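data-v2.txt follows (compact mmCIF, C-alpha atoms and all ligand atoms):
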# COMPACT_ATOMS: atom_id res chain seq x y z
CA MET A 1 -62.48 15.96 -37.59
CA ALA A 2 -61.11 14.09 -40.61
CA THR A 3 -59.86 10.56 -39.94
CA PRO A 4 -56.05 10.56 -39.78
CA PHE A 5 -54.13 8.05 -41.87
CA PRO A 6 -52.77 5.21 -39.65
CA PHE A 7 -49.12 5.72 -38.69
CA SER A 8 -48.27 2.04 -39.23
CA ALA A 9 -49.62 2.18 -42.78
CA ILE A 10 -47.12 4.84 -43.90
CA VAL A 11 -44.78 3.31 -46.49
CA GLY A 12 -41.05 4.07 -46.13
CA GLN A 13 -40.07 7.41 -44.51
CA ASP A 14 -38.25 5.39 -41.88
CA GLU A 15 -36.13 8.25 -40.62
CA MET A 16 -39.08 10.62 -40.19
CA LYS A 17 -41.12 7.95 -38.41
CA LEU A 18 -38.23 7.07 -36.11
CA ALA A 19 -37.59 10.74 -35.21
CA LEU A 20 -41.27 11.28 -34.39
CA LEU A 21 -41.42 8.13 -32.27
CA ILE A 22 -38.34 9.23 -30.36
CA ALA A 23 -39.87 12.67 -29.73
CA ALA A 24 -43.04 10.96 -28.52
CA VAL A 25 -41.05 8.87 -26.05
CA ASP A 26 -38.90 11.77 -24.86
CA PRO A 27 -40.07 15.25 -25.88
CA LYS A 28 -36.90 16.64 -24.28
CA VAL A 29 -35.03 15.49 -27.38
CA GLY A 30 -36.20 18.76 -28.92
CA GLY A 31 -38.15 19.38 -32.07
CA VAL A 32 -37.95 17.62 -35.41
CA LEU A 33 -37.05 19.41 -38.61
CA ALA A 34 -38.09 17.59 -41.77
CA PHE A 35 -36.48 18.53 -45.06
CA GLY A 36 -37.57 17.30 -48.39
CA ASP A 37 -39.99 16.87 -51.20
CA ARG A 38 -43.30 18.61 -51.08
CA GLY A 39 -46.20 16.19 -50.87
CA ALA A 40 -44.05 13.43 -49.38
CA GLY A 41 -46.48 13.21 -46.46
CA LYS A 42 -44.63 15.03 -43.68
CA SER A 43 -47.82 16.50 -42.27
CA THR A 44 -49.59 13.14 -42.58
CA ALA A 45 -46.92 11.48 -40.43
CA VAL A 46 -47.25 14.02 -37.59
CA ARG A 47 -51.03 13.81 -37.55
CA ALA A 48 -50.87 10.02 -37.72
CA LEU A 49 -48.53 9.84 -34.76
CA ALA A 50 -50.63 12.19 -32.61
CA ALA A 51 -53.74 10.12 -33.37
CA LEU A 52 -51.88 6.96 -32.38
CA LEU A 53 -50.85 8.26 -28.95
CA PRO A 54 -53.08 7.54 -25.95
CA LYS A 55 -55.60 10.28 -25.27
CA MET A 56 -54.52 12.74 -22.58
CA LYS A 57 -56.32 13.59 -19.37
CA VAL A 58 -57.10 17.31 -19.13
CA VAL A 59 -58.83 19.60 -16.65
CA ILE A 60 -62.30 20.43 -17.95
CA GLY A 61 -62.58 24.13 -18.75
CA CYS A 62 -58.82 24.75 -18.82
CA ARG A 63 -57.65 26.72 -21.85
CA TYR A 64 -54.14 25.34 -21.52
CA ASN A 65 -54.75 21.56 -21.49
CA CYS A 66 -53.48 21.21 -17.90
CA ASP A 67 -52.87 17.67 -16.69
CA PRO A 68 -55.01 17.08 -13.56
CA ASP A 69 -52.37 14.66 -12.25
CA ARG A 70 -49.56 17.24 -12.31
CA PRO A 71 -50.64 20.09 -10.02
CA ALA A 72 -47.11 21.50 -9.94
CA GLU A 73 -47.54 22.46 -13.60
CA PHE A 74 -51.00 24.02 -13.33
CA CYS A 75 -51.83 27.32 -14.96
CA GLU A 76 -53.06 30.09 -12.66
CA GLU A 77 -56.69 29.37 -13.52
CA CYS A 78 -56.39 25.69 -12.56
CA ARG A 79 -54.60 26.62 -9.34
CA ALA A 80 -57.55 28.83 -8.44
CA ARG A 81 -59.98 26.05 -9.43
CA ALA A 82 -58.10 23.48 -7.34
CA ASP A 83 -58.29 25.78 -4.30
CA LYS A 84 -62.06 25.82 -4.60
CA GLY A 85 -62.46 22.05 -4.77
CA ALA A 86 -61.89 18.97 -6.84
CA LEU A 87 -61.12 19.39 -10.55
CA LYS A 88 -63.17 17.62 -13.17
CA SER A 89 -61.22 15.92 -15.91
CA ALA A 90 -61.86 14.61 -19.39
CA LYS A 91 -59.85 12.92 -22.12
CA MET A 92 -58.82 14.57 -25.36
CA PRO A 93 -56.72 13.50 -28.34
CA VAL A 94 -53.11 14.71 -28.41
CA PRO A 95 -53.29 18.03 -30.29
CA VAL A 96 -51.51 18.90 -33.51
CA VAL A 97 -51.65 22.66 -33.91
CA ASP A 98 -50.71 24.31 -37.20
CA LEU A 99 -48.85 27.58 -37.07
CA PRO A 100 -49.66 29.26 -40.37
CA LEU A 101 -46.87 31.12 -42.13
CA GLY A 102 -48.49 34.53 -41.87
CA ALA A 103 -49.22 34.13 -38.15
CA THR A 104 -48.40 37.11 -35.98
CA GLU A 105 -46.56 36.83 -32.70
CA ASP A 106 -49.86 37.62 -30.90
CA ARG A 107 -51.61 34.71 -32.54
CA GLY A 108 -48.80 32.41 -31.46
CA VAL A 109 -48.16 33.45 -27.88
CA GLY A 110 -51.57 34.97 -27.09
CA ALA A 111 -52.62 38.56 -26.48
CA LEU A 112 -54.91 40.91 -24.68
CA ASP A 113 -58.55 40.09 -25.39
CA LEU A 114 -59.46 43.45 -26.93
CA GLU A 115 -63.17 42.80 -27.14
CA ARG A 116 -63.45 42.19 -23.42
CA ALA A 117 -61.10 45.05 -22.68
CA LEU A 118 -63.25 47.49 -24.67
CA ALA A 119 -66.68 46.17 -23.73
CA ARG A 120 -66.18 45.51 -20.06
CA GLY A 121 -62.94 47.23 -19.19
CA VAL A 122 -61.32 44.00 -17.98
CA LYS A 123 -57.84 43.01 -18.99
CA ALA A 124 -58.14 39.38 -20.01
CA PHE A 125 -55.70 37.14 -21.79
CA GLU A 126 -56.67 35.38 -24.98
CA PRO A 127 -54.45 32.29 -25.24
CA GLY A 128 -52.67 31.71 -28.54
CA LEU A 129 -51.65 28.67 -30.53
CA LEU A 130 -48.88 27.74 -28.09
CA ALA A 131 -51.48 27.19 -25.38
CA ARG A 132 -53.44 24.87 -27.62
CA ALA A 133 -50.31 22.89 -28.48
CA HIS A 134 -49.47 22.14 -24.83
CA ARG A 135 -48.63 18.43 -24.43
CA GLY A 136 -48.92 17.91 -28.18
CA PHE A 137 -47.28 19.00 -31.41
CA LEU A 138 -46.81 22.42 -32.98
CA TYR A 139 -46.48 22.01 -36.73
CA ILE A 140 -44.93 24.66 -38.94
CA ASP A 141 -44.94 24.01 -42.63
CA GLU A 142 -41.97 25.68 -44.32
CA ALA A 143 -40.40 26.90 -41.10
CA ASN A 144 -37.59 28.36 -43.18
CA LEU A 145 -39.99 31.02 -44.46
CA LEU A 146 -40.99 32.10 -40.96
CA GLU A 147 -39.28 35.17 -39.52
CA ASP A 148 -36.18 34.25 -37.55
CA HIS A 149 -37.32 36.02 -34.39
CA LEU A 150 -40.55 34.01 -34.34
CA VAL A 151 -38.71 30.71 -34.80
CA ASP A 152 -36.35 31.78 -32.04
CA LEU A 153 -39.26 32.54 -29.74
CA LEU A 154 -40.98 29.21 -30.46
CA LEU A 155 -37.78 27.31 -29.78
CA ASP A 156 -37.37 29.21 -26.49
CA VAL A 157 -40.86 28.27 -25.34
CA ALA A 158 -40.45 24.66 -26.51
CA ALA A 159 -37.20 24.38 -24.54
CA SER A 160 -38.46 26.01 -21.33
CA GLY A 161 -41.95 24.47 -21.44
CA GLU A 162 -43.45 27.78 -20.40
CA ASN A 163 -44.92 30.73 -22.28
CA VAL A 164 -44.41 34.10 -20.66
CA VAL A 165 -46.34 37.06 -22.05
CA GLU A 166 -45.74 40.53 -20.69
CA ARG A 167 -47.34 43.41 -22.50
CA GLU A 168 -50.10 45.98 -22.29
CA GLY A 169 -50.07 45.69 -18.52
CA LEU A 170 -50.64 41.93 -18.67
CA SER A 171 -48.27 39.47 -17.12
CA ILE A 172 -49.18 35.90 -17.87
CA ARG A 173 -47.28 32.67 -17.72
CA HIS A 174 -48.69 29.30 -18.63
CA PRO A 175 -47.33 25.82 -19.35
CA ALA A 176 -46.53 25.16 -23.02
CA ARG A 177 -44.65 21.93 -23.51
CA PHE A 178 -44.86 20.75 -27.08
CA VAL A 179 -42.82 19.05 -29.75
CA LEU A 180 -42.01 21.51 -32.48
CA VAL A 181 -42.15 19.93 -35.91
CA GLY A 182 -40.95 22.13 -38.74
CA THR A 183 -40.63 21.36 -42.38
CA GLY A 184 -38.31 23.04 -44.78
CA ASN A 185 -37.55 23.08 -48.42
CA PRO A 186 -33.79 23.56 -48.79
CA GLU A 187 -34.30 25.37 -52.09
CA GLU A 188 -36.35 28.17 -50.54
CA GLY A 189 -34.25 29.98 -48.02
CA GLU A 190 -32.41 28.50 -45.10
CA LEU A 191 -32.67 28.68 -41.37
CA ARG A 192 -29.74 30.38 -39.69
CA PRO A 193 -27.24 27.82 -38.33
CA GLN A 194 -27.92 29.06 -34.77
CA LEU A 195 -31.58 28.15 -35.21
CA LEU A 196 -30.89 24.86 -36.97
CA ASP A 197 -28.74 23.75 -34.06
CA ARG A 198 -31.63 24.21 -31.65
CA PHE A 199 -33.81 21.58 -33.30
CA GLY A 200 -33.20 18.18 -31.75
CA LEU A 201 -33.43 16.01 -34.84
CA SER A 202 -33.45 16.68 -38.55
CA VAL A 203 -34.66 14.20 -41.12
CA GLU A 204 -34.68 13.94 -44.88
CA VAL A 205 -38.01 12.96 -46.38
CA LYS A 206 -38.11 11.72 -49.93
CA THR A 207 -40.78 10.36 -52.18
CA PRO A 208 -39.90 6.63 -52.44
CA ASP A 209 -37.78 6.00 -55.52
CA ASP A 210 -38.38 2.29 -55.98
CA LEU A 211 -41.26 0.96 -58.02
CA LYS A 212 -42.67 -1.41 -55.40
CA SER A 213 -42.90 1.23 -52.68
CA ARG A 214 -44.44 3.80 -54.99
CA ILE A 215 -47.15 1.36 -56.00
CA GLU A 216 -47.79 0.50 -52.37
CA VAL A 217 -48.08 4.19 -51.41
CA VAL A 218 -50.70 4.77 -54.10
CA ARG A 219 -52.55 1.54 -53.29
CA ARG A 220 -52.85 2.39 -49.58
CA ARG A 221 -53.70 6.04 -50.17
CA ASP A 222 -56.47 5.03 -52.58
CA ALA A 223 -57.86 2.39 -50.21
CA PHE A 224 -57.84 4.94 -47.38
CA GLU A 225 -59.62 7.62 -49.37
CA ARG A 226 -62.27 5.25 -50.67
CA ASP A 227 -63.19 3.89 -47.27
CA PRO A 228 -61.34 5.51 -44.34
CA ALA A 229 -63.21 3.55 -41.65
CA ALA A 230 -62.46 0.15 -43.20
CA PHE A 231 -58.83 1.08 -43.81
CA VAL A 232 -58.35 2.26 -40.23
CA ALA A 233 -60.02 -0.90 -38.91
CA HIS A 234 -57.67 -3.00 -41.03
CA TRP A 235 -54.63 -1.35 -39.41
CA ASP A 236 -56.05 -1.29 -35.91
CA LYS A 237 -54.00 -4.21 -34.59
CA GLU A 238 -50.71 -2.75 -35.82
CA GLU A 239 -51.59 0.62 -34.33
CA ALA A 240 -52.45 -0.93 -30.96
CA LYS A 241 -49.12 -2.77 -30.95
CA LEU A 242 -47.18 0.41 -31.64
CA ARG A 243 -49.14 2.38 -29.06
CA LYS A 244 -48.27 -0.23 -26.44
CA LYS A 245 -44.63 -0.01 -27.42
CA ILE A 246 -44.55 3.79 -26.98
CA VAL A 247 -46.29 3.65 -23.60
CA ALA A 248 -43.88 0.94 -22.42
CA ALA A 249 -40.90 2.95 -23.68
CA ARG A 250 -42.01 6.04 -21.74
CA ASP A 251 -42.16 3.96 -18.56
CA HIS A 252 -38.87 2.28 -19.28
CA LEU A 253 -36.97 5.46 -20.27
CA PRO A 254 -35.70 6.43 -16.78
CA ASP A 255 -34.18 2.95 -16.35
CA VAL A 256 -32.13 2.93 -19.55
CA ALA A 257 -28.46 3.27 -18.64
CA VAL A 258 -25.97 5.36 -20.58
CA SER A 259 -22.50 4.03 -19.82
CA ASP A 260 -19.33 6.14 -19.77
CA ALA A 261 -18.22 4.18 -22.81
CA ALA A 262 -21.34 5.19 -24.75
CA LEU A 263 -20.90 8.84 -23.74
CA GLU A 264 -17.31 8.70 -24.89
CA ARG A 265 -18.37 7.30 -28.26
CA ALA A 266 -20.92 10.08 -28.67
CA ALA A 267 -18.34 12.74 -27.76
CA ARG A 268 -15.74 11.27 -30.10
CA LEU A 269 -18.21 11.28 -32.97
CA CYS A 270 -19.11 14.92 -32.37
CA MET A 271 -15.45 15.89 -32.13
CA ALA A 272 -14.66 14.06 -35.36
CA LEU A 273 -17.44 16.01 -37.07
CA GLY A 274 -16.51 19.32 -35.44
CA THR A 275 -20.02 20.12 -34.20
CA ASP A 276 -20.24 23.37 -32.23
CA GLY A 277 -20.98 23.31 -28.51
CA LEU A 278 -22.37 20.37 -26.61
CA ARG A 279 -25.90 20.28 -27.95
CA GLY A 280 -24.96 17.58 -30.44
CA GLU A 281 -23.71 15.17 -27.78
CA LEU A 282 -26.65 15.89 -25.51
CA THR A 283 -29.21 15.24 -28.24
CA LEU A 284 -27.37 12.19 -29.50
CA MET A 285 -27.35 10.74 -25.98
CA ARG A 286 -31.02 11.52 -25.30
CA ALA A 287 -32.23 10.25 -28.66
CA ALA A 288 -30.17 7.06 -28.36
CA ARG A 289 -31.64 6.50 -24.90
CA ALA A 290 -35.20 6.96 -26.19
CA LEU A 291 -34.44 4.54 -29.04
CA ALA A 292 -33.08 1.98 -26.57
CA ALA A 293 -36.25 2.43 -24.49
CA LEU A 294 -38.42 1.82 -27.57
CA GLU A 295 -36.52 -1.37 -28.25
CA GLY A 296 -36.67 -2.54 -24.65
CA ALA A 297 -32.86 -2.44 -24.30
CA LYS A 298 -31.29 -2.01 -20.84
CA ASP A 299 -28.60 0.37 -22.00
CA VAL A 300 -27.46 2.47 -24.93
CA GLY A 301 -25.21 0.58 -27.32
CA ASP A 302 -23.28 1.34 -30.50
CA ASP A 303 -26.23 0.20 -32.56
CA GLN A 304 -28.52 2.95 -31.26
CA LEU A 305 -25.80 5.63 -31.48
CA ARG A 306 -25.02 4.66 -35.03
CA ARG A 307 -28.65 4.76 -36.17
CA ILE A 308 -29.59 7.99 -34.50
CA ALA A 309 -26.38 9.94 -35.26
CA PRO A 310 -27.43 11.19 -38.73
CA PRO A 311 -30.71 12.82 -37.60
CA ALA A 312 -29.11 14.08 -34.37
CA LEU A 313 -26.04 15.62 -35.97
CA ARG A 314 -26.35 16.37 -39.68
CA HIS A 315 -27.85 19.84 -39.18
CA ARG A 316 -25.09 20.89 -36.79
CA LEU A 317 -22.12 20.59 -39.12
CA ARG A 318 -20.22 23.66 -40.17
CA ARG A 319 -19.59 24.05 -43.87
CA ASN A 320 -16.22 22.71 -44.74
CA PRO A 321 -14.80 24.52 -47.77
CA LEU A 322 -12.43 21.60 -48.44
CA ASP A 323 -15.19 19.02 -48.35
CA ASP A 324 -18.23 19.55 -50.51
CA ALA A 325 -19.90 16.25 -49.55
CA GLY A 326 -23.41 16.64 -48.11
CA SER A 327 -23.78 16.55 -44.34
CA SER A 328 -25.42 13.10 -44.36
CA VAL A 329 -22.41 11.68 -46.20
CA ARG A 330 -20.02 13.32 -43.75
CA VAL A 331 -21.89 11.87 -40.75
CA ASP A 332 -21.96 8.41 -42.33
CA ARG A 333 -18.23 8.60 -43.02
CA ALA A 334 -17.41 9.60 -39.44
CA ILE A 335 -19.60 6.78 -38.11
CA THR A 336 -17.80 4.22 -40.26
CA GLU A 337 -14.40 5.50 -39.16
CA LEU A 338 -15.32 5.41 -35.48
CA PHE A 339 -17.51 2.32 -35.22
CA GLY A 340 -15.94 0.31 -38.01
ZN ZN B 401 -55.03 24.93 -16.47
Would you mind giving the structure from this file in structure tokens?
Amino acid sequence: MATPFPFSAIVGQDEMKLALLIAAVDPKVGGVLAFGDRGAGKSTAVRALAALLPKMKVVIGCRYNCDPDRPAEFCEECRARADKGALKSAKMPVPVVDLPLGATEDRGVGALDLERALARGVKAFEPGLLARAHRGFLYIDEANLLEDHLVDLLLDVAASGENVVEREGLSIRHPARFVLVGTGNPEEGELRPQLLDRFGLSVEVKTPDDLKSRIEVVRRRDAFERDPAAFVAHWDKEEAKLRKKIVAARDHLPDVAVSDAALERAARLCMALGTDGLRGELTLMRAARALAALEGAKDVGDDQLRRIAPPALRHRLRRNPLDDAGSSVRVDRAITELFG
């Protein structure tokens, strides 16, 4: 496997990095949708984050990456294994699975293993990409070009944490909890608003537009490509620090308080922006809590709400025919009006 670029060495892209860190602390925040320039390193950031996370314990031989410490979430095969005796476990890196644009539904969710069906007459299930992504990331480049029904299906599985396949006389369910990361290019087709709303966070990724950052991007990229091992070793300390912070935040997350006052602020902001339904508030609250956990704060304050509001809300705004400002501008304006 190619050496991933260290997450801490990524220049700029603060919003994308923050959204990914938040999803790593609390995957329930929902997926991340990254809009912006091609070649701005969206895929690099996801792979870098996955490589930074602590390796995960898995049941040896399981095709679904089951966690040996969470028997309640076992797939059927692990349940049968556990009945027969102790499970053997191993460690594996957090997976990043690419869903290619032309992928069929079968390839994603899994299908009948035709070869075995024909050769031996047994109906066996061949797990798809969703099984491989369990406990990791599912990455879709240019999600806006994927068929709506497939995006819908992926979002359903990501939200429920379970993949259910019923066809050709097969009935299979297996755990599939993953963070969906989609990228989009606003110039090439759009996701339907109903689908947009189901992504937890949306971020704008731009190639840095100041001279110093651009030089630094090129310098680091060049150093990495010339000697990946030395570059990674150089950033090792920073990576270890960040890893520790994420692990601590995951532990600390259940203890972070969300006061009535903070909930009221979140609701007021969503009302001022006219977001549909309650998904906006819910995501804003969850993401602010994960951010507070990352920062070691005891409770959610205005500071976290203010910083996380643009990625949590900007993709949920209805078009306002009387206001042609971009959604980021509208969120910023509402924040200033409410928080001063
Ligand atoms: Zn299993």
Next item on the list: Show which residues sit within 10 Å of A:Ala9, as a list of chain:residue names. Count all atoms listed in the file, and ignore same-chain residues fewer than 6 positions away.
Entry: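 In the requested format, the answer is A:Ala45, A:Ala48, A:Glu216, A:Val217, A:Arg220, A:Arg221, A:Phe224, A:Phe231, A:Val232, A:His234, A:Trp235, A:Glu238, A:Glu239.
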Item checked: Long-range neighbours of A:Ala249 as a list in words, 9 Å cut-off, all atoms listed in the file, 4 positions minimum in chain ->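 Within the cut-off, the hits are Val25, Lys244, Lys245, Leu253, Ala290, Leu291, Ala292, Ala293, Leu294, Glu295 and Gly296 of chain A.
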Counting only C-alpha atoms and all ligand atoms, what are the residues of chain A within 10 Å of ligand ZN 401 (chain B), and for each of them which pair of atoms is the nearest and at what distance in Å, to one decimal? Sort the table by chain and rising number, as a tab-separated table.
residue	atom	partner	partner_atom	distance
A:Val58	CA	B:ZN401	ZN	8.3
A:Val59	CA	B:ZN401	ZN	6.5
A:Ile60	CA	B:ZN401	ZN	8.7
A:Gly61	CA	B:ZN401	ZN	7.9
A:Cys62	CA	B:ZN401	ZN	4.5
A:Arg63	CA	B:ZN401	ZN	6.2
A:Tyr64	CA	B:ZN401	ZN	5.1
A:Asn65	CA	B:ZN401	ZN	6.1
A:Cys66	CA	B:ZN401	ZN	4.3
A:Asp67	CA	B:ZN401	ZN	7.6
A:Pro68	CA	B:ZN401	ZN	8.4
A:Pro71	CA	B:ZN401	ZN	9.2
A:Glu73	CA	B:ZN401	ZN	8.4
A:Phe74	CA	B:ZN401	ZN	5.2
A:Cys75	CA	B:ZN401	ZN	4.3
A:Glu76	CA	B:ZN401	ZN	6.7
A:Glu77	CA	B:ZN401	ZN	5.6
A:Cys78	CA	B:ZN401	ZN	4.2
A:Arg79	CA	B:ZN401	ZN	7.3
A:Ala80	CA	B:ZN401	ZN	9.3
A:Arg81	CA	B:ZN401	ZN	8.7
A:Ala82	CA	B:ZN401	ZN	9.7
A:Ala131	CA	B:ZN401	ZN	9.9
A:His174	CA	B:ZN401	ZN	8.0
A:Pro175	CA	B:ZN401	ZN	8.3
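Neighbours of A:Ile22 closer than or equal to 10 Å, with all atoms listed in the file counted and sequence neighbours fewer than 3 positions away skipped, come out as Met16, Lys17, Leu18, Ala19, Val25, Asp26, Pro27, Lys28, Val29, Gly30, Val32, Leu201, Ile246, Ala249, Arg250, Arg286, Ala287, Ala288, Arg289, Ala290, Leu291, Ala292, Ala293, Leu294 and Ile308 of chain A.
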Note to self: Using only C-alpha atoms, which protein or nucleic acid residues come within 8 Å of A:Val94? Drop anything in the same chain fewer than 3 positions from it, and give the result as a PyMOL selection string.
What the structure shows: chain A and resi 50-51+53-56+135-137
Quick one: write out the picked residues with C-alpha atoms as a PDB file, in the frame of the given file?
ATOM      1  CA  ALA A  50     -50.630  12.190 -32.610  1.00  0.00           C
ATOM      2  CA  ALA A  51     -53.740  10.120 -33.370  1.00  0.00           C
ATOM      3  CA  LEU A  53     -50.850   8.260 -28.950  1.00  0.00           C
ATOM      4  CA  PRO A  54     -53.080   7.540 -25.950  1.00  0.00           C
ATOM      5  CA  LYS A  55     -55.600  10.280 -25.270  1.00  0.00           C
ATOM      6  CA  MET A  56     -54.520  12.740 -22.580  1.00  0.00           C
ATOM      7  CA  ARG A 135     -48.630  18.430 -24.430  1.00  0.00           C
ATOM      8  CA  GLY A 136     -48.920  17.910 -28.180  1.00  0.00           C
ATOM      9  CA  PHE A 137     -47.280  19.000 -31.410  1.00  0.00           C
TER      10      PHE A 137
END
Next item on the list: Give me, please, the distance in Å between atom CA of A:Ser202 and atom CA of A:Pro311, quoted to one decimal.
Entry: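 Interatomic distance here is 4.8 Å.
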Margin query: Counting only C-alpha atoms, which residues sit no farther than 10 Å from the position (-43.1, 31.0, -32.6) in the file's frame? I'd like them as a ChimeraX atom specification.
Written below: /A:99,103-109,129-130,138,140,143,146-158,180
Next item on the list: For each of A:Asp236, A:Glu162, A:Asp251, A:Asp302, take the minimum atom-to-atom distance to A:Phe7, counting only C-alpha atoms, then give the residue where this is smallest.
Entry: A:Asp236
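Across A:Ala334, A:Ala176, A:Leu101, A:Val96, the tightest approach to A:Gly274 is made by A:Ala334 when counting only C-alpha atoms.
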Next item on the list: Find the residues near stretch 204-208 of chain A: any atom within 8 Å, counting only C-alpha atoms, skip ones fewer than 2 places away on the same chain, and give them as an NGL selection string.
Entry: :A and (12-13 or 15-16 or 34-37 or 40 or 42 or 202 or 210 or 213-214)
Item checked: Two-atom distance - atom CA of A:Leu112, atom CA of A:Phe125 (Å) ->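 About the pair atom CA of A:Leu112 and atom CA of A:Phe125: they are 4.8 Å apart.
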Next item on the list: Would you work out the distance separating atom CA of A:Leu273 from atom CA of A:Leu317, expressed in Å to one decimal?
Entry: 6.9 Å
Note to self: With distances taken over only C-alpha atoms, which residue among A:Gly169, A:Ala272, A:His252, A:Val247 lies nearest A:Leu338?
What the structure shows: A:Ala272
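Considering all atoms listed in the file, the residue among A:Thr336, A:Thr3, A:Ser171, A:Thr183 positioned nearest to A:Leu145 is A:Thr183.
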Missing atoms in stretch 245-251 of chain A: can you complete it with all heavy atoms, as a tab-separated table (two decimals), in the coordinates of the input?
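Written output follows (part_26.tsv):
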chain	number	residue	atom	x	y	z
A	245	LYS	N	-46.07	-0.13	-27.42
A	245	LYS	CA	-44.63	-0.01	-27.42
A	245	LYS	C	-44.19	1.38	-26.94
A	245	LYS	O	-43.24	1.51	-26.17
A	245	LYS	CB	-44.13	-0.24	-28.86
A	245	LYS	CG	-42.72	-0.73	-28.97
A	245	LYS	CD	-42.44	-1.18	-30.41
A	245	LYS	CE	-41.06	-0.79	-30.83
A	245	LYS	NZ	-40.74	-1.16	-32.21
A	246	ILE	N	-44.89	2.42	-27.38
A	246	ILE	CA	-44.55	3.79	-26.98
A	246	ILE	C	-44.80	3.99	-25.49
A	246	ILE	O	-43.96	4.53	-24.76
A	246	ILE	CB	-45.37	4.82	-27.79
A	246	ILE	CG1	-45.02	4.74	-29.27
A	246	ILE	CG2	-45.12	6.23	-27.28
A	246	ILE	CD1	-45.96	5.53	-30.18
A	247	VAL	N	-45.96	3.50	-25.03
A	247	VAL	CA	-46.29	3.65	-23.60
A	247	VAL	C	-45.25	2.92	-22.75
A	247	VAL	O	-44.76	3.46	-21.74
A	247	VAL	CB	-47.72	3.13	-23.33
A	247	VAL	CG1	-48.01	3.09	-21.84
A	247	VAL	CG2	-48.75	4.00	-24.05
A	248	ALA	N	-44.87	1.71	-23.17
A	248	ALA	CA	-43.88	0.94	-22.42
A	248	ALA	C	-42.54	1.67	-22.44
A	248	ALA	O	-41.83	1.72	-21.42
A	248	ALA	CB	-43.74	-0.46	-23.03
A	249	ALA	N	-42.18	2.25	-23.58
A	249	ALA	CA	-40.90	2.95	-23.68
A	249	ALA	C	-40.85	4.17	-22.76
A	249	ALA	O	-39.83	4.46	-22.14
A	249	ALA	CB	-40.66	3.38	-25.13
A	250	ARG	N	-41.97	4.88	-22.64
A	250	ARG	CA	-42.01	6.04	-21.74
A	250	ARG	C	-41.76	5.61	-20.30
A	250	ARG	O	-41.07	6.29	-19.55
A	250	ARG	CB	-43.37	6.74	-21.84
A	250	ARG	CG	-43.52	7.56	-23.10
A	250	ARG	CD	-44.95	8.08	-23.19
A	250	ARG	NE	-45.11	9.04	-24.27
A	250	ARG	CZ	-46.29	9.53	-24.65
A	250	ARG	NH1	-47.39	9.14	-24.04
A	250	ARG	NH2	-46.36	10.39	-25.64
A	251	ASP	N	-42.36	4.47	-19.92
A	251	ASP	CA	-42.16	3.96	-18.56
A	251	ASP	C	-40.72	3.51	-18.35
A	251	ASP	O	-40.15	3.68	-17.28
A	251	ASP	CB	-43.08	2.75	-18.30
A	251	ASP	CG	-44.53	3.18	-18.14
A	251	ASP	OD1	-44.75	4.40	-17.92
A	251	ASP	OD2	-45.42	2.32	-18.25
